[in-house]
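> Quick one, start.cif (mmCIF, N, CA, C and O atoms):
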```cif
data_entry
#
loop_
_atom_site.label_atom_id
_atom_site.label_comp_id
_atom_site.auth_asym_id
_atom_site.auth_seq_id
_atom_site.Cartn_x
_atom_site.Cartn_y
_atom_site.Cartn_z
N MET A 1 7.46 -43.23 -18.60
CA MET A 1 6.27 -42.99 -17.86
C MET A 1 6.19 -41.49 -17.54
O MET A 1 7.13 -40.90 -17.03
N ALA A 2 5.05 -40.87 -17.85
CA ALA A 2 4.87 -39.44 -17.64
C ALA A 2 4.35 -39.18 -16.23
O ALA A 2 3.62 -39.97 -15.65
N LEU A 3 4.72 -38.06 -15.71
CA LEU A 3 4.28 -37.64 -14.38
C LEU A 3 2.96 -36.89 -14.51
O LEU A 3 2.87 -35.91 -15.24
N ASP A 4 1.92 -37.35 -13.81
CA ASP A 4 0.60 -36.75 -13.90
C ASP A 4 0.45 -35.68 -12.82
O ASP A 4 0.45 -35.98 -11.63
N LEU A 5 0.33 -34.43 -13.24
CA LEU A 5 0.20 -33.32 -12.31
C LEU A 5 -1.20 -32.69 -12.36
O LEU A 5 -1.38 -31.55 -11.94
N SER A 6 -2.18 -33.42 -12.83
CA SER A 6 -3.52 -32.85 -12.97
C SER A 6 -4.18 -32.60 -11.62
O SER A 6 -5.06 -31.76 -11.50
N GLY A 7 -3.76 -33.28 -10.58
CA GLY A 7 -4.34 -33.09 -9.26
C GLY A 7 -3.86 -31.85 -8.53
O GLY A 7 -4.40 -31.48 -7.50
N ILE A 8 -2.86 -31.18 -9.08
CA ILE A 8 -2.33 -29.99 -8.42
C ILE A 8 -3.32 -28.83 -8.47
O ILE A 8 -3.25 -27.91 -7.66
N GLY A 9 -4.28 -28.90 -9.37
CA GLY A 9 -5.29 -27.84 -9.47
C GLY A 9 -6.17 -27.76 -8.23
O GLY A 9 -6.73 -26.71 -7.94
N THR A 10 -6.29 -28.87 -7.51
CA THR A 10 -7.09 -28.84 -6.29
C THR A 10 -6.38 -28.13 -5.15
O THR A 10 -7.00 -27.75 -4.16
N LEU A 11 -5.08 -27.93 -5.27
CA LEU A 11 -4.30 -27.25 -4.23
C LEU A 11 -4.15 -25.76 -4.45
O LEU A 11 -3.49 -25.09 -3.66
N ILE A 12 -4.76 -25.22 -5.49
CA ILE A 12 -4.63 -23.79 -5.80
C ILE A 12 -5.14 -22.91 -4.66
O ILE A 12 -4.49 -21.92 -4.33
N PRO A 13 -6.26 -23.24 -4.00
CA PRO A 13 -6.64 -22.40 -2.85
C PRO A 13 -5.61 -22.40 -1.72
O PRO A 13 -5.40 -21.38 -1.07
N VAL A 14 -4.95 -23.52 -1.52
CA VAL A 14 -3.92 -23.58 -0.47
C VAL A 14 -2.74 -22.69 -0.86
O VAL A 14 -2.22 -21.93 -0.03
N PHE A 15 -2.31 -22.77 -2.11
CA PHE A 15 -1.21 -21.92 -2.57
C PHE A 15 -1.61 -20.45 -2.52
O PHE A 15 -0.79 -19.59 -2.18
N GLY A 16 -2.85 -20.14 -2.88
CA GLY A 16 -3.34 -18.77 -2.79
C GLY A 16 -3.34 -18.26 -1.36
O GLY A 16 -2.94 -17.13 -1.09
N PHE A 17 -3.78 -19.10 -0.43
CA PHE A 17 -3.75 -18.74 0.98
C PHE A 17 -2.33 -18.44 1.43
O PHE A 17 -2.07 -17.43 2.10
N LEU A 18 -1.40 -19.34 1.10
CA LEU A 18 -0.01 -19.16 1.52
C LEU A 18 0.61 -17.90 0.92
O LEU A 18 1.35 -17.18 1.60
N LEU A 19 0.31 -17.63 -0.34
CA LEU A 19 0.86 -16.45 -0.99
C LEU A 19 0.32 -15.18 -0.34
O LEU A 19 1.09 -14.27 0.00
N VAL A 20 -0.99 -15.10 -0.14
CA VAL A 20 -1.59 -13.90 0.45
C VAL A 20 -1.10 -13.73 1.89
O VAL A 20 -0.75 -12.63 2.31
N PHE A 21 -1.08 -14.82 2.65
CA PHE A 21 -0.62 -14.75 4.03
C PHE A 21 0.82 -14.24 4.10
O PHE A 21 1.14 -13.36 4.91
N THR A 22 1.68 -14.79 3.27
CA THR A 22 3.09 -14.41 3.29
C THR A 22 3.30 -12.95 2.89
O THR A 22 4.06 -12.22 3.55
N VAL A 23 2.63 -12.51 1.84
CA VAL A 23 2.81 -11.14 1.37
C VAL A 23 2.27 -10.14 2.39
O VAL A 23 2.93 -9.14 2.71
N VAL A 24 1.09 -10.40 2.94
CA VAL A 24 0.51 -9.48 3.92
C VAL A 24 1.36 -9.46 5.19
O VAL A 24 1.63 -8.39 5.75
N PHE A 25 1.81 -10.63 5.65
CA PHE A 25 2.66 -10.66 6.83
C PHE A 25 3.97 -9.90 6.61
O PHE A 25 4.41 -9.15 7.48
N ALA A 26 4.58 -10.08 5.45
CA ALA A 26 5.83 -9.38 5.16
C ALA A 26 5.62 -7.87 5.12
O ALA A 26 6.45 -7.11 5.64
N LEU A 27 4.53 -7.43 4.50
CA LEU A 27 4.25 -6.00 4.45
C LEU A 27 4.00 -5.42 5.84
O LEU A 27 4.50 -4.34 6.18
N LEU A 28 3.24 -6.13 6.65
CA LEU A 28 2.96 -5.65 8.00
C LEU A 28 4.22 -5.65 8.87
O LEU A 28 4.44 -4.72 9.65
N ALA A 29 5.04 -6.66 8.73
CA ALA A 29 6.26 -6.74 9.53
C ALA A 29 7.26 -5.67 9.11
O ALA A 29 7.96 -5.09 9.95
N LYS A 30 7.34 -5.39 7.82
CA LYS A 30 8.31 -4.41 7.32
C LYS A 30 7.90 -2.98 7.64
O LYS A 30 8.71 -2.17 8.05
N THR A 31 6.60 -2.68 7.46
CA THR A 31 6.15 -1.30 7.66
C THR A 31 5.83 -1.01 9.12
O THR A 31 5.75 0.15 9.49
N LYS A 32 5.63 -2.05 9.92
CA LYS A 32 5.26 -1.90 11.33
C LYS A 32 4.02 -1.02 11.49
O LYS A 32 3.93 -0.20 12.41
N ALA A 33 3.07 -1.20 10.57
CA ALA A 33 1.85 -0.40 10.57
C ALA A 33 0.97 -0.70 11.78
O ALA A 33 0.23 0.16 12.23
N LEU A 34 1.05 -1.91 12.31
CA LEU A 34 0.22 -2.29 13.46
C LEU A 34 1.05 -2.45 14.73
O LEU A 34 0.60 -3.07 15.69
N GLY A 35 2.23 -1.93 14.75
CA GLY A 35 3.07 -2.02 15.93
C GLY A 35 4.14 -3.08 15.79
O GLY A 35 4.43 -3.56 14.70
N GLU A 36 4.72 -3.42 16.92
CA GLU A 36 5.85 -4.36 16.94
C GLU A 36 5.45 -5.80 17.22
O GLU A 36 6.25 -6.69 17.06
N GLN A 37 4.20 -6.04 17.70
CA GLN A 37 3.82 -7.39 18.09
C GLN A 37 3.66 -8.28 16.87
O GLN A 37 2.86 -8.02 15.99
N ARG A 38 4.41 -9.38 16.88
CA ARG A 38 4.39 -10.31 15.76
C ARG A 38 3.07 -11.07 15.68
O ARG A 38 2.60 -11.37 14.60
N TRP A 39 2.46 -11.38 16.81
CA TRP A 39 1.21 -12.14 16.80
C TRP A 39 0.08 -11.33 16.18
O TRP A 39 -0.82 -11.90 15.57
N VAL A 40 0.12 -10.01 16.30
CA VAL A 40 -0.89 -9.17 15.65
C VAL A 40 -0.73 -9.26 14.14
O VAL A 40 -1.71 -9.38 13.40
N HIS A 41 0.49 -9.24 13.67
CA HIS A 41 0.76 -9.37 12.23
C HIS A 41 0.28 -10.72 11.72
O HIS A 41 -0.32 -10.81 10.64
N VAL A 42 0.56 -11.78 12.49
CA VAL A 42 0.13 -13.12 12.09
C VAL A 42 -1.38 -13.21 12.04
O VAL A 42 -1.96 -13.75 11.08
N PHE A 43 -2.05 -12.67 13.05
CA PHE A 43 -3.51 -12.74 13.11
C PHE A 43 -4.16 -11.97 11.96
O PHE A 43 -5.04 -12.50 11.28
N VAL A 44 -3.70 -10.76 11.71
CA VAL A 44 -4.27 -9.96 10.62
C VAL A 44 -3.99 -10.61 9.27
O VAL A 44 -4.87 -10.67 8.41
N SER A 45 -2.80 -11.13 9.09
CA SER A 45 -2.46 -11.81 7.84
C SER A 45 -3.32 -13.05 7.64
O SER A 45 -3.79 -13.31 6.53
N PHE A 46 -3.56 -13.79 8.72
CA PHE A 46 -4.41 -14.97 8.65
C PHE A 46 -5.84 -14.60 8.27
O PHE A 46 -6.44 -15.25 7.41
N VAL A 47 -6.37 -13.55 8.87
CA VAL A 47 -7.74 -13.13 8.56
C VAL A 47 -7.86 -12.67 7.11
O VAL A 47 -8.81 -13.04 6.40
N VAL A 48 -6.90 -11.89 6.64
CA VAL A 48 -6.93 -11.42 5.25
C VAL A 48 -6.82 -12.60 4.29
O VAL A 48 -7.53 -12.66 3.27
N ALA A 49 -5.98 -13.58 4.59
CA ALA A 49 -5.83 -14.75 3.73
C ALA A 49 -7.10 -15.59 3.72
O ALA A 49 -7.51 -16.09 2.66
N ILE A 50 -7.76 -15.75 4.87
CA ILE A 50 -9.02 -16.51 4.93
C ILE A 50 -10.10 -15.81 4.11
O ILE A 50 -10.84 -16.46 3.36
N ILE A 51 -10.19 -14.50 4.23
CA ILE A 51 -11.19 -13.75 3.45
C ILE A 51 -10.91 -13.89 1.96
O ILE A 51 -11.82 -14.04 1.15
N THR A 52 -9.64 -13.85 1.58
CA THR A 52 -9.27 -13.98 0.18
C THR A 52 -9.63 -15.36 -0.36
O THR A 52 -10.16 -15.49 -1.46
N VAL A 53 -9.37 -16.40 0.42
CA VAL A 53 -9.66 -17.76 -0.03
C VAL A 53 -11.17 -17.99 -0.11
O VAL A 53 -11.63 -18.77 -0.95
N ALA A 54 -11.94 -17.32 0.73
CA ALA A 54 -13.39 -17.51 0.72
C ALA A 54 -14.05 -16.92 -0.52
O ALA A 54 -15.15 -17.33 -0.89
N SER A 55 -13.38 -16.01 -1.18
CA SER A 55 -13.95 -15.37 -2.36
C SER A 55 -13.42 -16.04 -3.63
O SER A 55 -12.20 -16.12 -3.84
N ALA A 56 -14.32 -16.49 -4.47
CA ALA A 56 -13.91 -17.15 -5.72
C ALA A 56 -13.23 -16.16 -6.67
O ALA A 56 -12.28 -16.52 -7.37
N ASN A 57 -13.73 -14.93 -6.71
CA ASN A 57 -13.11 -13.92 -7.57
C ASN A 57 -11.69 -13.60 -7.12
O ASN A 57 -10.80 -13.37 -7.94
N ALA A 58 -11.47 -13.57 -5.81
CA ALA A 58 -10.13 -13.29 -5.30
C ALA A 58 -9.17 -14.42 -5.66
O ALA A 58 -8.01 -14.17 -5.99
N ILE A 59 -9.64 -15.66 -5.61
CA ILE A 59 -8.78 -16.78 -5.99
C ILE A 59 -8.43 -16.70 -7.47
O ILE A 59 -7.29 -16.97 -7.87
N GLU A 60 -9.38 -16.33 -8.30
CA GLU A 60 -9.09 -16.16 -9.74
C GLU A 60 -8.04 -15.06 -9.94
O GLU A 60 -7.14 -15.18 -10.77
N TYR A 61 -8.18 -13.98 -9.16
CA TYR A 61 -7.21 -12.89 -9.25
C TYR A 61 -5.82 -13.36 -8.83
O TYR A 61 -4.82 -13.05 -9.48
N VAL A 62 -5.76 -14.11 -7.74
CA VAL A 62 -4.47 -14.63 -7.26
C VAL A 62 -3.87 -15.57 -8.30
O VAL A 62 -2.66 -15.54 -8.56
N LYS A 63 -4.70 -16.42 -8.92
CA LYS A 63 -4.20 -17.32 -9.96
C LYS A 63 -3.66 -16.54 -11.16
O LYS A 63 -2.69 -16.95 -11.79
N THR A 64 -4.27 -15.42 -11.46
CA THR A 64 -3.84 -14.61 -12.60
C THR A 64 -2.57 -13.83 -12.28
O THR A 64 -1.67 -13.72 -13.12
N ILE A 65 -2.47 -13.30 -11.08
CA ILE A 65 -1.38 -12.41 -10.75
C ILE A 65 -0.11 -13.14 -10.29
O ILE A 65 0.98 -12.58 -10.37
N THR A 66 -0.21 -14.38 -9.85
CA THR A 66 0.94 -15.11 -9.32
C THR A 66 2.08 -15.25 -10.33
O THR A 66 3.24 -15.00 -9.97
N PRO A 67 1.84 -15.63 -11.59
CA PRO A 67 2.97 -15.70 -12.52
C PRO A 67 3.63 -14.34 -12.76
O PRO A 67 4.85 -14.26 -12.89
N TRP A 68 2.84 -13.28 -12.80
CA TRP A 68 3.40 -11.94 -12.98
C TRP A 68 4.21 -11.53 -11.76
O TRP A 68 5.26 -10.89 -11.88
N PHE A 69 3.73 -11.88 -10.56
CA PHE A 69 4.46 -11.59 -9.34
C PHE A 69 5.80 -12.32 -9.32
O PHE A 69 6.84 -11.74 -8.97
N ALA A 70 5.80 -13.58 -9.72
CA ALA A 70 7.04 -14.36 -9.76
C ALA A 70 8.02 -13.78 -10.78
O ALA A 70 9.22 -13.68 -10.52
N ALA A 71 7.51 -13.37 -11.94
CA ALA A 71 8.38 -12.77 -12.95
C ALA A 71 8.95 -11.45 -12.45
O ALA A 71 10.13 -11.13 -12.70
N PHE A 72 8.17 -10.69 -11.71
CA PHE A 72 8.64 -9.43 -11.15
C PHE A 72 9.75 -9.66 -10.13
O PHE A 72 10.78 -8.98 -10.15
N VAL A 73 9.58 -10.64 -9.26
CA VAL A 73 10.59 -10.94 -8.25
C VAL A 73 11.89 -11.40 -8.90
O VAL A 73 12.97 -10.95 -8.53
N VAL A 74 11.79 -12.26 -9.89
CA VAL A 74 12.98 -12.73 -10.59
C VAL A 74 13.66 -11.57 -11.32
O VAL A 74 14.90 -11.45 -11.31
N SER A 75 12.89 -10.69 -11.93
CA SER A 75 13.46 -9.52 -12.61
C SER A 75 14.20 -8.62 -11.63
O SER A 75 15.30 -8.14 -11.93
N ILE A 76 13.60 -8.38 -10.47
CA ILE A 76 14.26 -7.55 -9.46
C ILE A 76 15.56 -8.20 -8.98
O ILE A 76 16.57 -7.51 -8.80
N LEU A 77 15.56 -9.50 -8.82
CA LEU A 77 16.78 -10.19 -8.41
C LEU A 77 17.88 -10.06 -9.47
O LEU A 77 19.05 -9.82 -9.13
N PHE A 78 17.51 -10.22 -10.73
CA PHE A 78 18.50 -10.08 -11.79
C PHE A 78 19.01 -8.64 -11.90
O PHE A 78 20.21 -8.42 -12.12
N ILE A 79 18.15 -7.66 -11.74
CA ILE A 79 18.58 -6.27 -11.78
C ILE A 79 19.52 -5.98 -10.61
O ILE A 79 20.54 -5.30 -10.77
N SER A 80 19.18 -6.50 -9.43
CA SER A 80 20.05 -6.32 -8.26
C SER A 80 21.41 -6.96 -8.49
O SER A 80 22.44 -6.39 -8.12
N LEU A 81 21.40 -8.14 -9.08
CA LEU A 81 22.66 -8.82 -9.38
C LEU A 81 23.49 -8.01 -10.36
O LEU A 81 24.69 -7.83 -10.17
N LEU A 82 22.86 -7.50 -11.39
CA LEU A 82 23.57 -6.70 -12.39
C LEU A 82 24.14 -5.43 -11.77
O LEU A 82 25.30 -5.08 -12.01
N VAL A 83 23.36 -4.74 -10.98
CA VAL A 83 23.83 -3.52 -10.34
C VAL A 83 24.95 -3.84 -9.36
O VAL A 83 25.94 -3.10 -9.27
N GLY A 84 24.83 -4.94 -8.63
CA GLY A 84 25.88 -5.33 -7.70
C GLY A 84 27.19 -5.65 -8.39
O GLY A 84 28.26 -5.32 -7.90
N VAL A 85 27.10 -6.27 -9.55
CA VAL A 85 28.31 -6.61 -10.30
C VAL A 85 28.94 -5.34 -10.89
O VAL A 85 30.16 -5.17 -10.86
N LEU A 86 28.12 -4.44 -11.38
CA LEU A 86 28.65 -3.24 -12.03
C LEU A 86 29.16 -2.21 -11.03
O LEU A 86 30.16 -1.55 -11.27
N ARG A 87 28.49 -2.07 -9.89
CA ARG A 87 28.87 -1.04 -8.93
C ARG A 87 29.75 -1.56 -7.81
O ARG A 87 30.27 -0.78 -7.03
N GLN A 88 29.88 -2.85 -7.68
CA GLN A 88 30.66 -3.49 -6.62
C GLN A 88 30.11 -3.20 -5.22
O GLN A 88 30.72 -3.52 -4.23
N ASP A 89 28.94 -2.56 -5.14
CA ASP A 89 28.35 -2.21 -3.84
C ASP A 89 26.83 -2.26 -3.96
O ASP A 89 26.21 -1.30 -4.35
N ILE A 90 26.26 -3.40 -3.62
CA ILE A 90 24.80 -3.57 -3.78
C ILE A 90 24.05 -2.88 -2.64
O ILE A 90 22.91 -2.46 -2.82
N GLU A 91 24.65 -2.72 -1.45
CA GLU A 91 23.97 -2.04 -0.35
C GLU A 91 23.74 -0.56 -0.68
O GLU A 91 22.76 0.02 -0.26
N GLY A 92 24.65 0.02 -1.40
CA GLY A 92 24.50 1.42 -1.79
C GLY A 92 23.34 1.62 -2.76
O GLY A 92 22.73 2.68 -2.81
N PHE A 93 23.01 0.60 -3.52
CA PHE A 93 21.91 0.68 -4.48
C PHE A 93 20.59 0.72 -3.76
O PHE A 93 19.67 1.41 -4.15
N PHE A 94 20.47 -0.05 -2.66
CA PHE A 94 19.20 -0.10 -1.93
C PHE A 94 19.16 0.97 -0.88
O PHE A 94 18.22 1.29 -0.30
#
```
Any chance you could put this one into structure tokens?

Amino acid sequence: MALDLSGIGTLIPVFGFLLVFTVVFALLAKTKALGEQRWVHVFVSFVVAIITVASANAIEYVKTITPWFAAFVVSILFISLLVGVLRQDIEGFF
């Protein structure tokens, strides 16, 4: 019996929202561009994610860029692993 995953296409806006929210929140939290308050970061990330989901072109862009983003993250992890194994000190690399 085959597993039918055709209904997952209806969840793409939810995945797009979560991806945009997570990336924007991480960038704001790391750079501290809006200060130290976490609720400000959450609110701005939520607004940006809602605006992105409301636009059909933005959802198409997120659908296109997500596999490339995932490949980039996996590549960075493998490069970090390789450098850590070769140099014995991964903190010095970053």
> Run the PyMOL selection byres ((chain A and resi 38-46) around 7) on the file and write out the hits as a compact mmCIF listing (two decimals) with N, CA, C and O atoms, keeping the file's coordinate frame.

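Contents of selection-v5.txt, freshly written:
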```txt
# COMPACT_ATOMS: atom_id res chain seq x y z
N PHE A 17 -3.78 -19.10 -0.43
CA PHE A 17 -3.75 -18.74 0.98
C PHE A 17 -2.33 -18.44 1.43
O PHE A 17 -2.07 -17.43 2.10
N VAL A 20 -0.99 -15.10 -0.14
CA VAL A 20 -1.59 -13.90 0.45
C VAL A 20 -1.10 -13.73 1.89
O VAL A 20 -0.75 -12.63 2.31
N PHE A 21 -1.08 -14.82 2.65
CA PHE A 21 -0.62 -14.75 4.03
C PHE A 21 0.82 -14.24 4.10
O PHE A 21 1.14 -13.36 4.91
N THR A 22 1.68 -14.79 3.27
CA THR A 22 3.09 -14.41 3.29
C THR A 22 3.30 -12.95 2.89
O THR A 22 4.06 -12.22 3.55
N VAL A 24 1.09 -10.40 2.94
CA VAL A 24 0.51 -9.48 3.92
C VAL A 24 1.36 -9.46 5.19
O VAL A 24 1.63 -8.39 5.75
N PHE A 25 1.81 -10.63 5.65
CA PHE A 25 2.66 -10.66 6.83
C PHE A 25 3.97 -9.90 6.61
O PHE A 25 4.41 -9.15 7.48
N LEU A 28 3.24 -6.13 6.65
CA LEU A 28 2.96 -5.65 8.00
C LEU A 28 4.22 -5.65 8.87
O LEU A 28 4.44 -4.72 9.65
N ALA A 29 5.04 -6.66 8.73
CA ALA A 29 6.26 -6.74 9.53
C ALA A 29 7.26 -5.67 9.11
O ALA A 29 7.96 -5.09 9.95
N LEU A 34 1.05 -1.91 12.31
CA LEU A 34 0.22 -2.29 13.46
C LEU A 34 1.05 -2.45 14.73
O LEU A 34 0.60 -3.07 15.69
N GLY A 35 2.23 -1.93 14.75
CA GLY A 35 3.07 -2.02 15.93
C GLY A 35 4.14 -3.08 15.79
O GLY A 35 4.43 -3.56 14.70
N GLU A 36 4.72 -3.42 16.92
CA GLU A 36 5.85 -4.36 16.94
C GLU A 36 5.45 -5.80 17.22
O GLU A 36 6.25 -6.69 17.06
N GLN A 37 4.20 -6.04 17.70
CA GLN A 37 3.82 -7.39 18.09
C GLN A 37 3.66 -8.28 16.87
O GLN A 37 2.86 -8.02 15.99
N VAL A 47 -6.37 -13.55 8.87
CA VAL A 47 -7.74 -13.13 8.56
C VAL A 47 -7.86 -12.67 7.11
O VAL A 47 -8.81 -13.04 6.40
N VAL A 48 -6.90 -11.89 6.64
CA VAL A 48 -6.93 -11.42 5.25
C VAL A 48 -6.82 -12.60 4.29
O VAL A 48 -7.53 -12.66 3.27
N ALA A 49 -5.98 -13.58 4.59
CA ALA A 49 -5.83 -14.75 3.73
C ALA A 49 -7.10 -15.59 3.72
O ALA A 49 -7.51 -16.09 2.66
N ILE A 50 -7.76 -15.75 4.87
CA ILE A 50 -9.02 -16.51 4.93
C ILE A 50 -10.10 -15.81 4.11
O ILE A 50 -10.84 -16.46 3.36
N ILE A 51 -10.19 -14.50 4.23
CA ILE A 51 -11.19 -13.75 3.45
C ILE A 51 -10.91 -13.89 1.96
O ILE A 51 -11.82 -14.04 1.15
N THR A 52 -9.64 -13.85 1.58
CA THR A 52 -9.27 -13.98 0.18
C THR A 52 -9.63 -15.36 -0.36
O THR A 52 -10.16 -15.49 -1.46
```
> Give the alpha helix (DSSP H) residues of chain A, as assigned by DSSP on the backbone, as a PyMOL selection string.
chain A and resi 12-31+38-54+56-87+90-93
> Specify the axis-aligned box that encloses all atoms of region 4-20 of chain A listed in the file after padding of 6 Å on each side, stating its centre and edge lengths in Å to one decimal as lines of an AutoDock Vina configuration file.

```
center_x = -2.6
center_y = -25.0
center_z = -5.8
size_x = 21.0
size_y = 36.7
size_z = 28.2
```
> Rounded to one decimal, what separation in Å do you get between CA of Val73 (chain A) and atom N of Leu3 (chain A)?
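It comes out at 28.7 Å.
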> Work out how far apart atom O of Ala58 (chain A) and atom N of Ser6 (chain A) are and give it in Å to one decimal.
21.2 Å
> Taking into account all atoms listed in the file, which residue in the set A:Ile65, A:Leu77, A:Ile12, A:Leu82 is nearest to Val53 (chain A)?
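Looking at the shortest contact to Val53 (chain A), the residue is A:Ile12.
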> Mind giving me the straight-line distance from atom C of Phe15 (chain A) to atom C of Leu81 (chain A) in Å, one decimal?
29.1 Å
